[in-house]
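Participant: The file below is run-v3.cif, mmCIF, C-alpha atoms:
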```
data_work
loop_
_atom_site.label_atom_id
_atom_site.label_comp_id
_atom_site.auth_asym_id
_atom_site.auth_seq_id
_atom_site.Cartn_x
_atom_site.Cartn_y
_atom_site.Cartn_z
CA MET O 46 27.57 1.54 65.46
CA THR O 47 25.14 2.02 68.37
CA ARG O 48 23.91 5.57 68.73
CA PRO O 49 23.66 7.11 72.21
CA ASP O 50 19.92 7.65 71.81
CA GLN O 51 19.46 3.98 70.97
CA ALA O 52 21.56 2.64 73.84
CA THR O 53 20.23 0.73 76.79
CA SER O 54 21.08 1.68 80.35
CA GLY O 55 23.58 -1.18 80.81
CA GLY O 56 27.34 -1.14 80.23
CA GLY O 57 30.55 -0.33 82.11
CA TRP O 58 32.97 2.48 82.78
CA THR O 59 35.03 1.11 79.89
CA ARG O 60 33.97 1.82 76.33
CA THR O 61 33.51 -1.81 75.42
CA GLU O 62 30.97 -2.49 78.15
CA ILE O 63 30.04 1.08 78.93
CA LEU O 64 28.65 0.88 82.46
CA LYS O 65 27.74 -1.93 84.82
CA ALA O 66 27.25 0.17 87.89
CA ALA O 67 23.76 -0.54 89.13
CA VAL O 68 23.76 -3.87 90.93
CA GLY O 69 20.84 -4.71 93.19
CA GLY O 70 20.23 -1.08 94.10
CA GLY O 71 23.92 -0.47 94.86
CA VAL O 72 26.87 0.54 92.75
CA ALA O 73 29.90 -1.45 91.64
CA VAL O 74 32.42 0.99 90.19
CA ALA O 75 34.99 -0.42 87.79
CA GLY O 76 38.69 -0.29 88.58
CA ALA O 77 39.30 2.60 86.19
CA THR O 78 37.26 4.85 88.44
CA VAL O 79 39.04 3.76 91.60
CA ILE O 80 42.34 4.88 90.06
CA GLY O 81 41.07 8.43 90.36
CA VAL O 82 40.54 8.37 94.14
CA ARG O 83 42.20 11.34 95.83
CA SER O 84 43.93 12.27 92.58
CA GLY O 85 42.02 15.41 91.67
CA SER O 86 41.50 18.91 92.97
CA SER O 87 40.92 19.95 96.57
CA ALA O 88 37.57 18.19 96.34
CA SER O 89 39.38 14.88 96.19
CA ALA O 90 41.50 15.59 99.28
CA SER O 91 38.66 14.95 101.73
CA GLN O 92 36.39 12.06 102.52
CA PRO O 93 33.15 11.77 100.53
CA SER O 94 30.50 14.05 101.99
CA SER O 95 27.62 16.25 100.92
CA ALA O 96 29.99 19.21 100.64
CA THR O 97 32.44 17.22 98.53
CA ASP O 98 29.58 15.99 96.35
CA ALA O 99 28.51 19.58 95.67
CA GLN O 100 32.04 20.61 94.73
CA ILE O 101 32.49 17.70 92.33
CA LEU O 102 28.99 17.97 90.85
CA ASN O 103 29.60 21.64 90.12
CA PHE O 104 32.74 20.60 88.25
CA PHE O 105 30.70 18.10 86.24
CA LEU O 106 28.02 20.73 85.68
CA LEU O 107 30.61 23.11 84.24
CA LEU O 108 31.79 20.44 81.80
CA GLU O 109 28.25 19.57 80.76
CA ARG O 110 27.43 23.25 80.23
CA VAL O 111 30.52 23.65 78.05
CA GLN O 112 29.37 20.71 75.93
CA GLN O 113 25.80 21.99 75.81
CA GLY O 114 27.05 25.35 74.55
CA PHE O 115 29.26 23.70 71.96
CA TYR O 116 26.49 21.64 70.38
CA ARG O 117 24.00 24.51 70.58
CA GLN O 118 26.40 26.82 68.76
CA ALA O 119 27.27 24.11 66.22
CA LEU O 120 23.62 23.68 65.30
CA ALA O 121 23.04 27.42 65.19
CA ALA O 122 25.90 27.77 62.70
CA SER O 123 23.89 25.55 60.31
CA ARG O 124 26.99 24.06 58.67
CA LEU O 125 26.52 20.43 59.68
CA ASN O 126 24.85 17.90 57.41
CA GLY O 127 24.02 14.22 57.35
CA GLU O 128 25.19 12.07 60.24
CA LEU O 129 27.18 14.92 61.78
CA ARG O 130 23.98 16.95 62.14
CA ASP O 131 22.13 13.90 63.48
CA PHE O 132 24.93 13.45 66.01
CA ALA O 133 24.89 17.09 67.09
CA GLN O 134 21.10 17.19 67.44
CA THR O 135 21.02 13.98 69.47
CA VAL O 136 23.90 14.91 71.74
CA ALA O 137 22.66 18.48 72.24
CA GLY O 138 19.47 17.10 73.74
CA GLN O 139 21.37 14.70 75.96
CA GLU O 140 23.69 17.44 77.22
CA ARG O 141 20.68 19.62 78.04
CA ALA O 142 19.28 16.75 80.05
CA HIS O 143 22.61 16.26 81.86
CA VAL O 144 22.79 19.96 82.74
CA ALA O 145 19.21 19.93 84.00
CA PHE O 146 19.83 16.80 86.07
CA LEU O 147 22.98 18.13 87.74
CA ALA O 148 21.43 21.55 88.36
CA ARG O 149 18.39 19.95 90.00
CA ARG O 150 20.58 17.76 92.19
CA LEU O 151 22.68 20.74 93.28
CA GLY O 152 19.71 23.05 93.79
CA ALA O 153 20.77 26.37 95.31
CA ARG O 154 24.40 25.19 95.35
CA ALA O 155 24.61 25.10 91.53
CA GLN O 156 27.15 27.58 90.19
CA PRO O 157 26.65 29.66 87.02
CA GLY O 158 28.02 28.42 83.73
CA PRO O 159 31.30 29.60 82.19
CA LYS O 160 31.77 31.74 79.10
CA SER O 161 32.81 29.65 76.13
CA ASN O 162 34.27 30.41 72.71
CA PHE O 163 34.33 27.70 70.05
CA GLY O 164 34.85 29.93 67.01
CA PRO O 165 37.45 27.88 65.07
CA ALA O 166 35.63 24.63 65.85
CA PHE O 167 32.92 25.39 63.30
CA LYS O 168 35.15 26.17 60.32
CA SER O 169 34.91 22.65 58.91
CA ASP O 170 33.49 19.21 59.57
CA ALA O 171 36.96 18.06 60.60
CA SER O 172 37.37 20.83 63.19
CA PHE O 173 33.92 20.12 64.59
CA ARG O 174 34.70 16.41 64.90
CA ARG O 175 38.04 17.08 66.57
CA THR O 176 36.55 19.49 69.09
CA ALA O 177 33.68 17.13 69.88
CA ILE O 178 36.11 14.27 70.50
CA ASP O 179 38.31 16.46 72.70
CA LEU O 180 35.36 17.65 74.81
CA GLU O 181 33.83 14.21 75.19
CA GLU O 182 37.16 12.56 76.05
CA ALA O 183 37.95 15.24 78.63
CA THR O 184 34.52 14.93 80.23
CA ILE O 185 34.72 11.14 80.53
CA ALA O 186 38.22 11.35 82.02
CA ALA O 187 36.95 13.93 84.53
CA TYR O 188 34.03 11.73 85.58
CA ILE O 189 36.39 8.79 86.05
CA GLY O 190 38.91 10.91 87.93
CA GLN O 191 36.40 12.25 90.44
CA GLY O 192 33.63 9.63 90.46
CA ALA O 193 35.06 7.54 93.28
CA ASN O 194 35.31 10.62 95.51
CA LEU O 195 31.53 10.96 95.59
CA THR O 196 29.26 9.47 98.23
CA THR O 197 27.73 6.18 97.14
CA PRO O 198 24.21 7.54 96.46
CA THR O 199 25.57 10.38 94.35
CA MET O 200 27.94 8.06 92.50
CA ALA O 201 24.97 5.85 91.63
CA ALA O 202 23.01 8.86 90.41
CA ILE O 203 25.68 10.15 88.02
CA ALA O 204 26.75 6.73 86.68
CA PRO O 205 24.22 6.75 83.80
CA LEU O 206 25.62 10.09 82.60
CA VAL O 207 29.03 8.48 82.11
CA SER O 208 27.44 5.71 80.09
CA VAL O 209 25.87 8.24 77.73
CA GLU O 210 29.07 10.31 77.43
CA ALA O 211 31.02 7.18 76.48
CA ARG O 212 28.52 6.31 73.78
CA GLN O 213 28.67 9.87 72.46
CA VAL O 214 32.42 9.85 71.98
CA ALA O 215 32.35 6.37 70.46
CA TRP O 216 29.79 7.62 67.93
CA ILE O 217 31.75 10.75 66.92
CA ARG O 218 35.02 8.79 66.74
CA ASP O 219 33.28 6.33 64.42
CA ILE O 220 32.03 9.19 62.22
CA ALA O 221 35.59 10.56 62.12
CA GLY O 222 36.90 7.20 60.95
CA GLU O 223 38.71 6.57 64.22
CA ASN O 224 38.59 3.52 66.49
CA PRO O 225 35.43 3.94 68.62
CA ALA O 226 37.07 2.06 71.50
CA PRO O 227 40.82 2.75 71.34
CA ARG O 228 41.43 1.62 74.92
CA ALA O 229 40.08 -1.15 77.14
CA ALA O 230 39.45 1.46 79.85
CA ASP O 231 39.47 5.23 79.82
CA PRO O 232 42.15 6.96 81.92
CA ALA O 233 41.34 9.22 84.85
CA ARG O 234 42.35 12.89 84.77
CA THR O 235 42.44 15.50 87.50
CA ALA O 236 40.09 18.46 87.55
CA SER O 237 42.98 20.91 87.19
CA ASP O 238 44.32 19.03 84.18
CA VAL O 239 40.96 18.99 82.40
CA LEU O 240 40.19 22.64 83.16
CA GLY O 241 43.69 23.63 82.09
CA GLU O 242 43.20 21.93 78.72
CA LEU O 243 39.81 23.55 78.14
CA ARG O 244 41.20 27.00 79.00
CA SER O 245 44.29 26.55 76.83
CA LYS O 246 42.07 25.70 73.85
CA GLY O 247 39.78 28.65 74.53
CA TYR O 248 36.75 26.49 75.28
CA ILE O 249 36.25 28.26 78.61
CA GLU O 250 37.28 31.81 79.43
#
```
Could you render the structure from this file as structure tokens?

Facilitator:
Amino acid sequence: MTRPDQATSGGGWTRTEILKAAVGGGVAVAGATVIGVRSGSSASASQPSSATDAQILNFFLLLERVQQGFYRQALAASRLNGELRDFAQTVAGQERAHVAFLARRLGARAQPGPKSNFGPAFKSDASFRRTAIDLEEATIAAYIGQGANLTTPTMAAIAPLVSVEARQVAWIRDIAGENPAPRAADPARTASDVLGELRSKGYIE
């Protein structure tokens, strides 16, 4: 099983070939991303623009901040051991980097992070694994759902983040004894659908 911190920058938007986006300085986005065009929130109802980029990147920033908070709290709880702790430590650093990257790109347009509550997620190894899988799957689906609505330069900039997120969920699914690549391509989800799930589970308030 390839760990996210050991992965190269290649791949695809599918889990089997995680991201093959950078081609000669441009971007070739896989079909799974194109499915998400105009299928999301109000951000996806307009043509790609700087304003649309900011709206979508703030959505991604929210998701990355939720994940960052989850892994930070999981490590602070000091209940993880072995490969689960290795996973949490590795992914926590990657999520911090994702948050920093998106915040820098947004600059003054970056919105504050949400309040999160993951209490039950840290009761057992199984609950931690399930929550991690849910968060990672939701984040990947959100990137796929909104990625094609970004301008080309911004799409190219965020493509490596999707590659890392896909490797993260493959790793935690493998730890959980689940198929690391259950589908040939990940489905797209709308922003409202993803946010609704996170709210219903108490991950954002």

Participant: Taking (30.2, 16.5, 97.9) in the file's own coordinates, collect the residues within 12 Å, counting all atoms listed in the file, and hand them back as a count of residues only.

Facilitator: 32

Participant: Using all atoms listed in the file, determine which residues lie at most 9 Å from stretch 134-137 of chain O, disregarding the query and same-chain residues fewer than 4 positions distant; provide the list as a VMD selection string.

Facilitator: chain O and resid 48 to 50 112 to 117 120 129 to 130 141 to 142 210 213

Participant: Taking the file above as input, evaluate the PyMOL selection byres ((chain O and resi 170) around 12) and report the hits as an mmCIF file with C-alpha atoms, in the coordinates of the input.

Facilitator:
```cif
data_model
loop_
_atom_site.group_PDB
_atom_site.id
_atom_site.type_symbol
_atom_site.label_atom_id
_atom_site.label_comp_id
_atom_site.auth_asym_id
_atom_site.auth_seq_id
_atom_site.Cartn_x
_atom_site.Cartn_y
_atom_site.Cartn_z
ATOM 1 C CA ALA O 119 27.270 24.110 66.220
ATOM 2 C CA ALA O 122 25.900 27.770 62.700
ATOM 3 C CA SER O 123 23.890 25.550 60.310
ATOM 4 C CA ARG O 124 26.990 24.060 58.670
ATOM 5 C CA LEU O 125 26.520 20.430 59.680
ATOM 6 C CA ASN O 126 24.850 17.900 57.410
ATOM 7 C CA GLY O 127 24.020 14.220 57.350
ATOM 8 C CA GLU O 128 25.190 12.070 60.240
ATOM 9 C CA LEU O 129 27.180 14.920 61.780
ATOM 10 C CA ARG O 130 23.980 16.950 62.140
ATOM 11 C CA ALA O 133 24.890 17.090 67.090
ATOM 12 C CA PRO O 165 37.450 27.880 65.070
ATOM 13 C CA ALA O 166 35.630 24.630 65.850
ATOM 14 C CA PHE O 167 32.920 25.390 63.300
ATOM 15 C CA LYS O 168 35.150 26.170 60.320
ATOM 16 C CA SER O 169 34.910 22.650 58.910
ATOM 17 C CA ALA O 171 36.960 18.060 60.600
ATOM 18 C CA SER O 172 37.370 20.830 63.190
ATOM 19 C CA PHE O 173 33.920 20.120 64.590
ATOM 20 C CA ARG O 174 34.700 16.410 64.900
ATOM 21 C CA ARG O 175 38.040 17.080 66.570
ATOM 22 C CA THR O 176 36.550 19.490 69.090
ATOM 23 C CA ALA O 177 33.680 17.130 69.880
ATOM 24 C CA ILE O 217 31.750 10.750 66.920
ATOM 25 C CA ILE O 220 32.030 9.190 62.220
ATOM 26 C CA ALA O 221 35.590 10.560 62.120
#
```

Participant: Give me, please, the distance in Å between atom CA of O:Ala202 and atom CA of O:Arg234, quoted to one decimal.

Facilitator: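 Pair atom CA of O:Ala202 / atom CA of O:Arg234 returns 20.5 Å.
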
Participant: Quick one, how far is atom CA of O:Ala201 from atom CA of O:Tyr188?

Facilitator: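 It comes out at 12.4 Å.
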
Participant: Tell me, in Å to one decimal, how far atom CA of O:Ala187 is from atom CA of O:Gln156.

Facilitator: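 Those two atoms sit 17.7 Å apart.
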